[in-house]
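J.: Quick one, start_11.cif (mmCIF, C-alpha atoms):
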```
data_run
#
loop_
_atom_site.group_PDB
_atom_site.id
_atom_site.type_symbol
_atom_site.label_atom_id
_atom_site.label_comp_id
_atom_site.auth_asym_id
_atom_site.auth_seq_id
_atom_site.Cartn_x
_atom_site.Cartn_y
_atom_site.Cartn_z
ATOM 1 C CA MET A 1 40.014 -79.628 -14.538
ATOM 2 C CA HIS A 2 43.596 -79.343 -15.789
ATOM 3 C CA THR A 3 44.946 -81.057 -12.673
ATOM 4 C CA LYS A 4 42.572 -83.976 -13.004
ATOM 5 C CA THR A 5 43.504 -84.445 -16.616
ATOM 6 C CA GLY A 6 47.191 -84.367 -15.740
ATOM 7 C CA HIS A 7 46.691 -87.005 -13.042
ATOM 8 C CA HIS A 8 44.728 -89.113 -15.525
ATOM 9 C CA GLU A 9 47.480 -88.879 -18.164
ATOM 10 C CA ASN A 10 50.197 -89.683 -15.626
ATOM 11 C CA GLY A 11 48.228 -92.678 -14.384
ATOM 12 C CA ARG A 12 47.681 -93.866 -17.918
ATOM 13 C CA ASN A 13 51.371 -93.600 -18.805
ATOM 14 C CA ASP A 14 53.083 -94.866 -15.680
ATOM 15 C CA THR A 15 55.304 -97.927 -16.071
ATOM 16 C CA ALA A 16 52.929 -100.354 -14.364
ATOM 17 C CA THR A 17 50.013 -99.323 -16.598
ATOM 18 C CA ILE A 18 52.131 -99.540 -19.749
ATOM 19 C CA ILE A 19 53.331 -103.045 -18.847
ATOM 20 C CA ARG A 20 49.821 -104.152 -17.870
ATOM 21 C CA GLN A 21 48.272 -102.920 -21.113
ATOM 22 C CA GLY A 22 51.132 -104.318 -23.172
ATOM 23 C CA ALA A 23 50.773 -107.680 -21.444
ATOM 24 C CA GLY A 24 47.026 -107.568 -22.026
ATOM 25 C CA ALA A 25 47.633 -107.238 -25.759
ATOM 26 C CA ALA A 26 50.476 -109.793 -25.761
ATOM 27 C CA TRP A 27 48.827 -112.677 -23.928
ATOM 28 C CA PRO A 28 47.011 -114.123 -27.000
ATOM 29 C CA ILE A 29 50.377 -114.184 -28.806
ATOM 30 C CA CYS A 30 52.057 -115.807 -25.815
ATOM 31 C CA LEU A 31 49.257 -118.347 -25.599
ATOM 32 C CA GLY A 32 49.755 -119.183 -29.272
ATOM 33 C CA TYR A 33 53.536 -119.302 -28.968
ATOM 34 C CA LEU A 34 53.432 -121.941 -26.249
ATOM 35 C CA PRO A 35 52.225 -124.857 -28.440
ATOM 36 C CA ILE A 36 54.060 -123.634 -31.530
ATOM 37 C CA GLY A 37 57.298 -123.077 -29.622
ATOM 38 C CA LEU A 38 56.976 -126.474 -28.003
ATOM 39 C CA ALA A 39 56.348 -127.989 -31.440
ATOM 40 C CA PHE A 40 59.429 -126.329 -32.865
ATOM 41 C CA GLY A 41 61.568 -127.448 -29.925
ATOM 42 C CA VAL A 42 60.365 -131.034 -30.321
ATOM 43 C CA LEU A 43 61.008 -131.070 -34.085
ATOM 44 C CA ALA A 44 64.429 -129.464 -33.705
ATOM 45 C CA ARG A 45 65.472 -131.914 -31.021
ATOM 46 C CA GLN A 46 64.227 -134.880 -33.052
ATOM 47 C CA ASN A 47 66.314 -133.619 -35.976
ATOM 48 C CA GLY A 48 69.521 -133.540 -33.970
ATOM 49 C CA LEU A 49 69.770 -130.072 -32.392
ATOM 50 C CA GLU A 50 70.727 -129.869 -28.716
ATOM 51 C CA TRP A 51 68.440 -127.918 -26.399
ATOM 52 C CA TRP A 52 70.991 -125.112 -25.973
ATOM 53 C CA ALA A 53 71.316 -124.789 -29.768
ATOM 54 C CA VAL A 54 67.521 -124.519 -30.027
ATOM 55 C CA GLY A 55 67.518 -121.785 -27.386
ATOM 56 C CA LEU A 56 70.373 -119.954 -29.091
ATOM 57 C CA MET A 57 68.566 -120.092 -32.434
ATOM 58 C CA SER A 58 65.429 -118.637 -30.831
ATOM 59 C CA VAL A 59 67.444 -115.815 -29.233
ATOM 60 C CA LEU A 60 69.462 -114.923 -32.346
ATOM 61 C CA VAL A 61 66.835 -115.530 -35.042
ATOM 62 C CA PHE A 62 63.442 -115.218 -33.284
ATOM 63 C CA ALA A 63 61.445 -116.002 -36.421
ATOM 64 C CA GLY A 64 59.247 -119.067 -36.200
ATOM 65 C CA SER A 65 58.797 -119.706 -39.910
ATOM 66 C CA ALA A 66 62.518 -119.280 -40.640
ATOM 67 C CA GLN A 67 63.407 -121.565 -37.737
ATOM 68 C CA PHE A 68 61.032 -124.283 -38.915
ATOM 69 C CA ILE A 69 62.437 -123.990 -42.441
ATOM 70 C CA ALA A 70 66.031 -124.067 -41.210
ATOM 71 C CA VAL A 71 65.438 -127.229 -39.179
ATOM 72 C CA ALA A 72 63.687 -128.916 -42.102
ATOM 73 C CA MET A 73 66.586 -128.044 -44.397
ATOM 74 C CA MET A 74 69.115 -129.289 -41.849
ATOM 75 C CA ALA A 75 67.231 -132.570 -41.633
ATOM 76 C CA SER A 76 67.324 -132.906 -45.440
ATOM 77 C CA GLY A 77 71.082 -132.323 -45.521
ATOM 78 C CA ALA A 78 70.984 -128.913 -47.192
ATOM 79 C CA ALA A 79 74.201 -126.898 -47.374
ATOM 80 C CA VAL A 80 74.754 -124.048 -44.928
ATOM 81 C CA PRO A 81 74.770 -121.309 -47.628
ATOM 82 C CA ALA A 82 71.435 -122.600 -48.941
ATOM 83 C CA ILE A 83 69.913 -122.493 -45.460
ATOM 84 C CA ILE A 84 71.190 -118.972 -44.845
ATOM 85 C CA ALA A 85 69.962 -117.707 -48.220
ATOM 86 C CA THR A 86 66.538 -119.315 -47.843
ATOM 87 C CA THR A 87 65.896 -117.976 -44.347
ATOM 88 C CA PHE A 88 67.164 -114.556 -45.449
ATOM 89 C CA PHE A 89 64.606 -114.337 -48.251
ATOM 90 C CA VAL A 90 61.835 -115.743 -46.051
ATOM 91 C CA ASN A 91 62.530 -113.036 -43.469
ATOM 92 C CA LEU A 92 62.615 -110.183 -45.982
ATOM 93 C CA ARG A 93 58.930 -109.695 -45.185
ATOM 94 C CA HIS A 94 60.111 -108.083 -41.935
ATOM 95 C CA THR A 95 61.259 -105.076 -43.956
ATOM 96 C CA LEU A 96 57.660 -104.589 -45.108
ATOM 97 C CA MET A 97 56.307 -104.920 -41.578
ATOM 98 C CA SER A 98 58.954 -102.549 -40.228
ATOM 99 C CA SER A 99 58.089 -99.994 -42.909
ATOM 100 C CA ALA A 100 54.422 -100.114 -41.925
ATOM 101 C CA LEU A 101 55.255 -99.731 -38.213
ATOM 102 C CA ALA A 102 57.705 -96.884 -38.871
ATOM 103 C CA VAL A 103 54.762 -94.543 -39.473
ATOM 104 C CA HIS A 104 53.860 -94.904 -35.788
ATOM 105 C CA LEU A 105 57.443 -94.663 -34.492
ATOM 106 C CA ALA A 106 58.515 -91.289 -35.867
ATOM 107 C CA GLY A 107 60.958 -89.403 -33.657
ATOM 108 C CA ILE A 108 61.894 -92.412 -31.509
ATOM 109 C CA ARG A 109 65.575 -92.798 -30.564
ATOM 110 C CA ARG A 110 67.698 -95.206 -32.607
ATOM 111 C CA TRP A 111 68.622 -97.459 -29.690
ATOM 112 C CA PHE A 112 64.937 -97.946 -28.931
ATOM 113 C CA LEU A 113 64.173 -98.672 -32.584
ATOM 114 C CA ALA A 114 66.928 -101.306 -32.648
ATOM 115 C CA LEU A 115 65.484 -102.956 -29.543
ATOM 116 C CA PHE A 116 61.987 -102.726 -30.976
ATOM 117 C CA ALA A 117 63.014 -104.106 -34.376
ATOM 118 C CA TYR A 118 64.501 -107.208 -32.783
ATOM 119 C CA GLY A 119 61.087 -108.209 -31.434
ATOM 120 C CA ILE A 120 59.008 -107.732 -34.606
ATOM 121 C CA THR A 121 57.257 -110.888 -35.738
ATOM 122 C CA ASP A 122 54.137 -111.553 -37.796
ATOM 123 C CA GLU A 123 52.102 -111.888 -34.607
ATOM 124 C CA SER A 124 53.414 -108.817 -32.762
ATOM 125 C CA PHE A 125 53.095 -106.805 -35.977
ATOM 126 C CA ALA A 126 49.448 -107.813 -36.390
ATOM 127 C CA VAL A 127 48.581 -106.985 -32.784
ATOM 128 C CA ASN A 128 50.505 -103.700 -32.644
ATOM 129 C CA MET A 129 49.155 -102.449 -35.962
ATOM 130 C CA SER A 130 45.608 -103.080 -34.810
ATOM 131 C CA ARG A 131 46.334 -101.318 -31.505
ATOM 132 C CA PHE A 132 48.053 -98.352 -33.141
ATOM 133 C CA ARG A 133 44.699 -97.612 -34.763
ATOM 134 C CA GLU A 134 43.570 -96.718 -31.238
ATOM 135 C CA ASP A 135 44.616 -93.400 -29.706
ATOM 136 C CA HIS A 136 46.140 -94.766 -26.492
ATOM 137 C CA TRP A 137 48.737 -97.107 -28.025
ATOM 138 C CA ASP A 138 52.392 -96.066 -28.199
ATOM 139 C CA HIS A 139 55.933 -97.392 -28.707
ATOM 140 C CA ARG A 140 56.374 -98.465 -25.074
ATOM 141 C CA ARG A 141 53.274 -100.629 -25.034
ATOM 142 C CA ALA A 142 54.249 -102.022 -28.429
ATOM 143 C CA LEU A 143 57.728 -102.857 -27.100
ATOM 144 C CA THR A 144 56.129 -104.724 -24.198
ATOM 145 C CA VAL A 145 54.128 -106.809 -26.681
ATOM 146 C CA ASN A 146 57.283 -107.613 -28.647
ATOM 147 C CA HIS A 147 59.428 -108.750 -25.769
ATOM 148 C CA LEU A 148 56.869 -110.608 -23.690
ATOM 149 C CA SER A 149 56.190 -112.591 -26.864
ATOM 150 C CA ASN A 150 59.936 -112.999 -27.384
ATOM 151 C CA ALA A 151 60.481 -114.369 -23.865
ATOM 152 C CA THR A 152 57.571 -116.795 -24.239
ATOM 153 C CA TRP A 153 58.887 -118.088 -27.574
ATOM 154 C CA ILE A 154 62.400 -118.675 -26.253
ATOM 155 C CA ALA A 155 61.153 -120.460 -23.144
ATOM 156 C CA ALA A 156 58.676 -122.612 -25.096
ATOM 157 C CA THR A 157 61.250 -123.729 -27.668
ATOM 158 C CA ILE A 158 63.755 -124.695 -24.979
ATOM 159 C CA ILE A 159 61.126 -126.647 -23.048
ATOM 160 C CA GLY A 160 60.061 -128.368 -26.272
ATOM 161 C CA ALA A 161 63.678 -129.292 -27.029
ATOM 162 C CA LEU A 162 64.170 -130.714 -23.546
ATOM 163 C CA ALA A 163 61.025 -132.821 -23.972
ATOM 164 C CA GLY A 164 61.703 -133.673 -27.620
ATOM 165 C CA SER A 165 62.987 -137.167 -27.012
ATOM 166 C CA LEU A 166 59.781 -138.061 -25.170
ATOM 167 C CA VAL A 167 57.369 -137.137 -27.987
ATOM 168 C CA PRO A 168 56.759 -139.549 -30.917
ATOM 169 C CA GLN A 169 57.418 -138.305 -34.456
ATOM 170 C CA GLY A 170 54.402 -136.414 -35.910
ATOM 171 C CA ALA A 171 52.358 -136.692 -32.706
ATOM 172 C CA PHE A 172 49.585 -134.179 -31.842
ATOM 173 C CA GLY A 173 49.645 -132.574 -35.304
ATOM 174 C CA ILE A 174 52.913 -130.793 -34.536
ATOM 175 C CA ASP A 175 53.749 -130.414 -38.230
ATOM 176 C CA TYR A 176 50.598 -128.312 -38.746
ATOM 177 C CA ALA A 177 51.194 -125.893 -35.853
ATOM 178 C CA LEU A 178 52.817 -123.089 -37.845
ATOM 179 C CA THR A 179 50.283 -123.286 -40.683
ATOM 180 C CA GLY A 180 47.403 -123.025 -38.225
ATOM 181 C CA MET A 181 48.961 -119.976 -36.594
ATOM 182 C CA PHE A 182 49.293 -118.102 -39.903
ATOM 183 C CA ILE A 183 45.679 -118.869 -40.816
ATOM 184 C CA CYS A 184 44.591 -117.281 -37.536
ATOM 185 C CA LEU A 185 46.756 -114.216 -38.229
ATOM 186 C CA LEU A 186 45.147 -113.797 -41.630
ATOM 187 C CA VAL A 187 41.618 -114.001 -40.246
ATOM 188 C CA ILE A 188 42.124 -111.369 -37.515
ATOM 189 C CA GLN A 189 43.526 -108.907 -40.069
ATOM 190 C CA ILE A 190 40.425 -108.998 -42.310
ATOM 191 C CA TYR A 191 38.407 -105.854 -41.607
ATOM 192 C CA GLY A 192 36.585 -105.363 -44.902
ATOM 193 C CA VAL A 193 36.396 -105.984 -48.644
ATOM 194 C CA ILE A 194 39.800 -104.437 -49.410
ATOM 195 C CA TYR A 195 41.485 -106.822 -46.970
ATOM 196 C CA ILE A 196 39.763 -109.834 -48.502
ATOM 197 C CA LEU A 197 40.759 -108.778 -52.018
ATOM 198 C CA THR A 198 44.343 -108.145 -50.915
ATOM 199 C CA ALA A 199 44.515 -111.566 -49.272
ATOM 200 C CA VAL A 200 43.108 -113.266 -52.379
ATOM 201 C CA ALA A 201 45.546 -111.372 -54.602
ATOM 202 C CA ALA A 202 48.537 -112.286 -52.416
ATOM 203 C CA ALA A 203 47.465 -115.940 -52.299
ATOM 204 C CA SER A 204 47.020 -116.072 -56.090
ATOM 205 C CA VAL A 205 50.411 -114.476 -56.738
ATOM 206 C CA SER A 206 52.033 -116.774 -54.173
ATOM 207 C CA VAL A 207 50.704 -119.950 -55.818
ATOM 208 C CA ALA A 208 51.548 -118.793 -59.345
ATOM 209 C CA TRP A 209 55.028 -117.606 -58.331
ATOM 210 C CA TYR A 210 55.732 -120.862 -56.495
ATOM 211 C CA MET A 211 54.802 -122.896 -59.582
ATOM 212 C CA ILE A 212 56.913 -120.790 -61.961
ATOM 213 C CA VAL A 213 59.960 -119.609 -59.962
ATOM 214 C CA PRO A 214 62.080 -122.106 -57.991
ATOM 215 C CA GLY A 215 62.999 -121.422 -54.379
ATOM 216 C CA ASP A 216 61.202 -119.461 -51.654
ATOM 217 C CA SER A 217 61.152 -116.006 -53.255
ATOM 218 C CA TYR A 218 57.375 -116.390 -53.730
ATOM 219 C CA ILE A 219 56.864 -115.331 -50.099
ATOM 220 C CA VAL A 220 58.412 -111.898 -50.588
ATOM 221 C CA GLY A 221 57.037 -111.539 -54.116
ATOM 222 C CA ALA A 222 53.485 -112.313 -53.002
ATOM 223 C CA ALA A 223 53.747 -109.882 -50.082
ATOM 224 C CA ILE A 224 54.944 -107.026 -52.310
ATOM 225 C CA MET A 225 52.472 -107.742 -55.107
ATOM 226 C CA GLY A 226 49.575 -108.231 -52.693
ATOM 227 C CA ALA A 227 50.315 -104.934 -50.944
ATOM 228 C CA THR A 228 50.650 -103.143 -54.302
ATOM 229 C CA ILE A 229 47.355 -104.526 -55.609
ATOM 230 C CA GLY A 230 45.643 -103.635 -52.342
ATOM 231 C CA TYR A 231 46.966 -100.065 -52.556
ATOM 232 C CA ILE A 232 45.795 -99.710 -56.162
ATOM 233 C CA LEU A 233 42.303 -101.008 -55.313
ATOM 234 C CA LYS A 234 41.891 -99.018 -52.091
ATOM 235 C CA LYS A 235 40.880 -95.636 -53.516
ATOM 236 C CA PRO A 236 38.434 -96.962 -56.160
ATOM 237 C CA LEU A 237 36.742 -99.109 -53.515
ATOM 238 C CA GLU A 238 36.541 -96.195 -51.084
ATOM 239 C CA ARG A 239 34.929 -94.025 -53.771
ATOM 240 C CA CYS A 240 32.533 -96.826 -54.639
ATOM 241 C CA PHE A 241 31.361 -97.396 -51.070
ATOM 242 C CA SER A 242 31.217 -93.683 -50.211
ATOM 243 C CA GLY A 243 29.038 -93.163 -53.312
ATOM 244 C CA ARG A 244 26.652 -95.875 -52.158
ATOM 245 C CA ARG A 245 26.377 -94.363 -48.665
ATOM 246 C CA SER A 246 25.593 -90.932 -50.093
#
```
Show me, as structure tokens, the structure contained in the file I just sent.

T.:
Amino acid sequence: MHTKTGHHENGRNDTATIIRQGAGAAWPICLGYLPIGLAFGVLARQNGLEWWAVGLMSVLVFAGSAQFIAVAMMASGAAVPAIIATTFFVNLRHTLMSSALAVHLAGIRRWFLALFAYGITDESFAVNMSRFREDHWDHRRALTVNHLSNATWIAATIIGALAGSLVPQGAFGIDYALTGMFICLLVIQIYGVIYILTAVAAASVSVAWYMIVPGDSYIVGAAIMGATIGYILKKPLERCFSGRRS
């Protein structure tokens, strides 16, 4: 019995199985990145960036929302410090995602964590967090998700940039691509009442913050406040529903 179990564990954790399972989790992200990456490449090229600059931005930044914002600000003639500051604050949400993932990456070597951190995006975070709730998921499968998604994004943006001059301005709803993606990410993360309430709280804070405070700090503020409100409501809701079941 022990031998069979050992063979089963080895088969489950060999490199080919890890890559196959990681790719199986990553393919919806890759499928979503293709149109969005193409859209970004087209928009960036139409706003004056060369294809190699688009590819370099995707390699160095690898953050779709920040890249879209940066290109829009470049097109409007914004100063370089303003672009850097804005994208910095927009990407601060990655610290929250990294903190949540850190619970599942205890004891992992620093070089691996650095490689893993590079590939964290909203999409890979959502998929990996949902998979970490299952017993078989680990850091190697999660890394596969991150970097297959990364490779797809880079390739898609470069292809979009190369084809950018052939696509009319605003064609195919390109401007809506990123918004649609984030709506999908929100929907797949809703597992119950607490998630709905957290989403509503974050959306309410985001709108109010945006109307009161200038700039893009509302993104980080809404994320922190939404998570805090969700944490505060979690225990009372759990007691409420457990009382009903009993």

J.: Could you please determine the separation between atom CA of Ile159 of chain A and atom CA of Leu56 of chain A in Å, to one decimal place?

T.: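 Those two atoms sit 12.9 Å apart.
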
J.: From the set A:Gly230, A:Thr152, A:Ser204, A:Gly221, which residue has the shortest atom-to-atom contact distance to Ala23 of chain A, counting all atoms listed in the file?

T.: A:Thr152

J.: By how many Å are atom CA of Tyr218 of chain A and atom CA of Met129 of chain A apart?

T.: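 Computing it gives 24.0 Å between the two atoms.
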
J.: Which residue is closest to Val193 of chain A? Choose from A:Pro236, A:Ala26, A:Gly32, A:Ala66 and count all atoms listed in the file.

T.: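 Among the listed residues, A:Pro236 lies closest to Val193 of chain A.
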
J.: Between atom CA of Val207 of chain A and atom CA of Met225 of chain A, what distance in Å does the model show, to one decimal?

T.: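 Computing the Euclidean distance for atom CA of Val207 of chain A and atom CA of Met225 of chain A yields 12.4 Å.
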
J.: Evaluate the PyMOL selection byres ((chain A and resi 35) around 10) and record the selected residues as a list in words, following the chain and residue labels used in the document.

T.: Cys30, Leu31, Gly32, Tyr33, Leu34, Ile36, Gly37, Leu38, Ala39, Phe40, Gly41, Trp153, Ala156, Thr157, Gly160, Ile174, Ala177 and Leu178 of chain A

J.: Tell me which protein, DNA and RNA residues are within 8 Å of Ser58 of chain A, counting only C-alpha atoms, leaving out same-chain ones fewer than 4 positions away, and put them as number ranges by chain.

T.: A: 54, 62-63, 67, 153-154, 157

J.: Expand the PyMOL selection byres ((chain A and resi 226) around 7) into the explicit residue set it covers here, and present it as a list in words.

T.: Thr198, Ala199, Ala201, Ala202, Ala222, Ala223, Ile224, Met225, Ala227, Thr228, Ile229 and Gly230 of chain A

J.: Kindly indicate which residue among A:Ala151, A:Leu60, A:Ala142, A:Leu49 lies nearest to Ala72 of chain A, using all atoms listed in the file for the distances.

T.: A:Leu49

J.: To test your reading of the syntax: which residues would the PyMOL selection byres ((chain A and resi 83-96) around 9) return for the file shown? Reply as a list of chain:residue names.

T.: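 After applying the PyMOL selection byres ((chain A and resi 83-96) around 9), what remains is A:Ala63, A:Ser65, A:Ala66, A:Gln67, A:Ile69, A:Ala70, A:Met73, A:Met74, A:Ala78, A:Ala79, A:Val80, A:Pro81, A:Ala82, A:Met97, A:Ser98, A:Ser99, A:Ala100, A:Leu101, A:Ile120, A:Thr121, A:Asp122, A:Gly215, A:Asp216, A:Ser217, A:Tyr218, A:Ile219, A:Val220, A:Ala223, A:Ile224.
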
J.: Calculated over all atoms listed in the file, which of the candidates A:Val200, A:Leu143, A:Ala208, A:Ala163 has the smallest distance to Glu50 of chain A?

T.: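 Counting all atoms listed in the file, the residue closest to Glu50 of chain A is A:Ala163.
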
J.: Which residue, A:Gly55, A:Gly192, A:Gly107, A:Gly64, has the smallest gap to His139 of chain A when you use only C-alpha atoms?

T.: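 Closest to His139 of chain A, using only C-alpha atoms: A:Gly107.
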
J.: Taking all atoms listed in the file into account, name the residue in A:Ile108, A:Leu197, A:Ile29, A:Ala75 that is nearest to Ser124 of chain A.

T.: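 Using all atoms listed in the file, the shortest distance to Ser124 of chain A belongs to A:Ile29.
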
J.: Every residue with an atom at most 10 Å from (56.8, -106.0, -30.0) (file coordinates; all atoms listed in the file) is what I'm after, so could you write them as a VMD selection string?

T.: chain A and resid 22 26 115 to 128 139 to 150
